[in-house]
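The structure appears below as structure tokens.
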Amino acid sequence: MSRAVPLLKKVAEANLPSRFGQFRIFGFSGLGEEAVALKMGDLSAGAPPLLRIHSQCLTGDVFHSLRCDCRAQLELALETIAREGRGLVIYEHQEGRGIGLLNKLRAYELQDNGADTVEANEQLGFDADLRGYELPARIVQYFGLTAVRLMSNNPEKIQALERAGVRVAERVPCLVTPVQSAEDYLRTKKEKLGHLLDPV
């Protein structure tokens, strides 16, 4: 079931066969942003469905960078949803925690010279994390969901959904085996951004 949601426009929808299974892809715009949603199965039947809100990471998702765990988390979410036969992935265009692709590459350069990910963003004049999750919350409402099982390690995503009136019935950890090249990145997410991760 879908419904009209203020300030949200569905631009397109189509079938999306993938190596994880058959999805339906939706394109949305609103609040000055764009996002896509991959939907599998009937979200309205049974227990609250799995939801992953994923921020775009060109270097990780496309080029398989091992500076981060982004691609591994996305694949884990798609595999888990496919195994259950239903769920939703919202892919939001918030590259580099919201600072954009080229600024993210500038931050990489600073990290190569000793800054952690938070320090690099701040040295460039940005907050540690500029992302907002109002658009994903509206997309969840578009699909008529009042409760979800959120695949995330980020408490801010839980808070954003609950502020929008979507109950997080369960937080499902999105933990992947860390690689050595991402250990500092993960440690910073845990210690400075409060992400719910195992000790690194």
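Chain identifiers are assigned as A, B, and so on, following the order in which chains appear in the structure tokens; residues are numbered from 1 within each chain, and ligands are numbered from 1 in order of appearance.
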
All alpha helix (DSSP H) positions in chain A, as a ChimeraX atom specification:
/A:70-84,95-98,101-112,117-123,134-142,155-163,183-193

Just the residues within 9 Å of Leu31 (chain A), please, counting only C-alpha atoms, with nothing from its chain fewer than 3 positions along; format it as number ranges by chain.
A: 7-8, 34, 134-135

Within region 4-166 of chain A, find each residue whose DSSP state, derived from the backbone, is strand (DSSP E or B), and express the selection as an NGL selection string.
:A and (9-18 or 21-30 or 33-40 or 50-55 or 87-92 or 147-151)

Those residues with C-alpha atoms, as a short mmCIF file (atom, residue, chain, number, x, y, z; two decimals), in the first residue's frame please?
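Wrote selection.cif, looks like this:
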```cif
data_model
loop_
_atom_site.label_atom_id
_atom_site.label_comp_id
_atom_site.auth_asym_id
_atom_site.auth_seq_id
_atom_site.Cartn_x
_atom_site.Cartn_y
_atom_site.Cartn_z
CA LYS A 9 7.00 13.00 -4.97
CA LYS A 10 7.31 9.55 -6.47
CA VAL A 11 9.05 10.14 -9.80
CA ALA A 12 9.22 6.60 -11.20
CA GLU A 13 9.00 2.90 -10.38
CA ALA A 14 10.16 -0.19 -12.25
CA ASN A 15 11.21 -3.80 -11.86
CA LEU A 16 14.82 -4.32 -10.78
CA PRO A 17 16.12 -7.88 -11.08
CA SER A 18 19.37 -8.26 -9.16
CA GLY A 21 16.57 -11.30 -6.11
CA GLN A 22 13.67 -9.44 -7.69
CA PHE A 23 13.11 -5.92 -6.38
CA ARG A 24 10.87 -3.05 -7.35
CA ILE A 25 12.82 0.24 -7.57
CA PHE A 26 11.18 3.59 -6.78
CA GLY A 27 12.60 7.06 -7.38
CA PHE A 28 11.59 9.87 -5.02
CA SER A 29 12.27 13.57 -4.74
CA GLY A 30 11.44 16.00 -1.97
CA GLU A 33 16.89 15.72 -2.12
CA GLU A 34 16.53 12.60 -4.20
CA ALA A 35 16.51 8.98 -3.07
CA VAL A 36 15.67 5.55 -4.39
CA ALA A 37 13.97 2.70 -2.60
CA LEU A 38 14.34 -1.00 -3.35
CA LYS A 39 11.26 -2.92 -2.22
CA MET A 40 10.90 -6.68 -2.03
CA LEU A 50 13.37 -5.00 7.54
CA LEU A 51 14.50 -1.51 6.57
CA ARG A 52 17.98 -0.29 5.67
CA ILE A 53 18.62 3.44 5.19
CA HIS A 54 21.89 3.59 3.25
CA SER A 55 23.85 6.73 2.43
CA GLY A 87 11.95 -5.55 3.09
CA LEU A 88 13.01 -2.09 1.98
CA VAL A 89 16.35 -0.42 1.25
CA ILE A 90 16.33 3.37 0.97
CA TYR A 91 19.44 4.66 -0.81
CA GLU A 92 19.96 8.31 -0.02
CA ALA A 147 6.75 0.03 12.36
CA VAL A 148 9.99 -1.37 10.97
CA ARG A 149 12.96 -3.50 11.95
CA LEU A 150 15.83 -1.15 11.24
CA MET A 151 19.14 -2.57 10.03
#
```

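Considering only C-alpha atoms, the residue among A:Val5, A:Ala47, A:Cys70, A:Ile139 positioned nearest to Glu170 (chain A) is A:Ala47.
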
Residue neighbourhood Leu124 (chain A), 10 Å, only C-alpha atoms, exclusion window fewer than 6 positions, as a PDB file with N, CA and C atoms, in the first residue's frame:
```pdb
ATOM      1  N   ILE A  99      28.692  15.676   2.853  1.00  0.00           N
ATOM      2  CA  ILE A  99      29.536  16.779   2.378  1.00  0.00           C
ATOM      3  C   ILE A  99      29.758  16.729   0.867  1.00  0.00           C
ATOM      4  N   ASN A 103      34.281  16.833  -1.821  1.00  0.00           N
ATOM      5  CA  ASN A 103      34.734  17.145  -0.462  1.00  0.00           C
ATOM      6  C   ASN A 103      35.139  15.877   0.286  1.00  0.00           C
ATOM      7  N   LYS A 104      34.451  14.781  -0.005  1.00  0.00           N
ATOM      8  CA  LYS A 104      34.849  13.519   0.620  1.00  0.00           C
ATOM      9  C   LYS A 104      36.258  13.123   0.184  1.00  0.00           C
ATOM     10  N   ARG A 106      38.578  15.205  -0.703  1.00  0.00           N
ATOM     11  CA  ARG A 106      39.470  16.124   0.024  1.00  0.00           C
ATOM     12  C   ARG A 106      39.669  15.620   1.459  1.00  0.00           C
ATOM     13  N   ALA A 107      38.601  15.092   2.048  1.00  0.00           N
ATOM     14  CA  ALA A 107      38.716  14.535   3.398  1.00  0.00           C
ATOM     15  C   ALA A 107      39.618  13.307   3.398  1.00  0.00           C
ATOM     16  N   LEU A 110      43.133  14.475   3.644  1.00  0.00           N
ATOM     17  CA  LEU A 110      43.481  14.853   5.013  1.00  0.00           C
ATOM     18  C   LEU A 110      43.686  13.618   5.891  1.00  0.00           C
TER      19      LEU A 110
END
```

One number please: CA of Asp129 (chain A) to CA of Asp61 (chain A), in Å, one decimal.
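CA of Asp61 (chain A) lies at a distance of 19.0 Å from CA of Asp129 (chain A).
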
So that I can see what lies close to Cys174 (chain A), please list as a VMD selection string the residues with an atom at most 9 Å from it, counting only C-alpha atoms and leaving out residues fewer than 2 positions away in the same chain.
chain A and resid 52 73 to 74 76 to 77 151 to 153 172 176 197

I need the chosen residues saved as a PDB file, in the first residue's frame, with N, CA and C atoms.
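The new file result-v9.pdb reads:
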```pdb
ATOM      1  N   ARG A  52      16.616  -0.823   5.632  1.00  0.00           N
ATOM      2  CA  ARG A  52      17.976  -0.290   5.669  1.00  0.00           C
ATOM      3  C   ARG A  52      17.962   1.089   5.031  1.00  0.00           C
ATOM      4  N   GLN A  73      28.016  -3.397   4.229  1.00  0.00           N
ATOM      5  CA  GLN A  73      26.737  -3.227   4.927  1.00  0.00           C
ATOM      6  C   GLN A  73      25.563  -3.276   3.950  1.00  0.00           C
ATOM      7  N   LEU A  74      25.718  -2.629   2.793  1.00  0.00           N
ATOM      8  CA  LEU A  74      24.642  -2.644   1.793  1.00  0.00           C
ATOM      9  C   LEU A  74      24.362  -4.063   1.323  1.00  0.00           C
ATOM     10  N   LEU A  76      25.028  -6.861   2.914  1.00  0.00           N
ATOM     11  CA  LEU A  76      24.423  -7.610   4.017  1.00  0.00           C
ATOM     12  C   LEU A  76      22.933  -7.323   4.099  1.00  0.00           C
ATOM     13  N   ALA A  77      22.543  -6.064   3.949  1.00  0.00           N
ATOM     14  CA  ALA A  77      21.123  -5.704   4.005  1.00  0.00           C
ATOM     15  C   ALA A  77      20.344  -6.355   2.869  1.00  0.00           C
ATOM     16  N   MET A 151      17.777  -2.041  10.114  1.00  0.00           N
ATOM     17  CA  MET A 151      19.142  -2.571  10.034  1.00  0.00           C
ATOM     18  C   MET A 151      20.105  -1.391  10.070  1.00  0.00           C
ATOM     19  N   SER A 152      20.651  -1.106  11.247  1.00  0.00           N
ATOM     20  CA  SER A 152      21.508   0.058  11.386  1.00  0.00           C
ATOM     21  C   SER A 152      22.329  -0.037  12.660  1.00  0.00           C
ATOM     22  N   ASN A 153      23.468   0.651  12.639  1.00  0.00           N
ATOM     23  CA  ASN A 153      24.282   0.810  13.842  1.00  0.00           C
ATOM     24  C   ASN A 153      24.262   2.268  14.314  1.00  0.00           C
ATOM     25  N   VAL A 172      18.190  -4.063  14.177  1.00  0.00           N
ATOM     26  CA  VAL A 172      18.942  -5.237  13.729  1.00  0.00           C
ATOM     27  C   VAL A 172      20.359  -4.763  13.431  1.00  0.00           C
ATOM     28  N   VAL A 176      29.538  -6.144   9.910  1.00  0.00           N
ATOM     29  CA  VAL A 176      30.292  -6.941   8.942  1.00  0.00           C
ATOM     30  C   VAL A 176      31.703  -7.146   9.488  1.00  0.00           C
ATOM     31  N   LEU A 197      28.775  -0.326  17.544  1.00  0.00           N
ATOM     32  CA  LEU A 197      29.660  -1.291  16.896  1.00  0.00           C
ATOM     33  C   LEU A 197      30.402  -2.101  17.943  1.00  0.00           C
TER      34      LEU A 197
END
```

Show which residues sit within 12 Å of Gly144 (chain A), as a JSON list (two decimals) with C-alpha atoms, in the first residue's frame. Count only C-alpha atoms, and ignore same-chain residues fewer than 4 positions away.
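That gives us selection_17.json:
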```json
[["chain", "number", "residue", "atom", "x", "y", "z"],
["A", 1, "MET", "CA", 0.00, 0.00, 0.00],
["A", 2, "SER", "CA", 1.23, 3.50, -0.81],
["A", 3, "ARG", "CA", -0.12, 6.83, 0.24],
["A", 4, "ALA", "CA", 0.31, 10.52, -0.50],
["A", 5, "VAL", "CA", 2.93, 12.09, 1.75],
["A", 42, "ASP", "CA", 4.55, -7.40, 0.60],
["A", 43, "LEU", "CA", 5.57, -4.93, 3.28],
["A", 44, "SER", "CA", 2.10, -4.71, 4.80],
["A", 45, "ALA", "CA", 1.72, -8.39, 5.69],
["A", 48, "PRO", "CA", 7.36, -5.16, 10.72],
["A", 49, "PRO", "CA", 9.62, -5.50, 7.67],
["A", 137, "ALA", "CA", 11.16, 8.76, 7.03],
["A", 138, "ARG", "CA", 8.69, 10.17, 4.51],
["A", 139, "ILE", "CA", 9.45, 7.33, 2.09],
["A", 140, "VAL", "CA", 8.70, 4.82, 4.86],
["A", 148, "VAL", "CA", 9.99, -1.37, 10.97],
["A", 165, "GLY", "CA", 6.00, 8.55, 14.00],
["A", 166, "VAL", "CA", 7.52, 5.31, 12.69]]
```
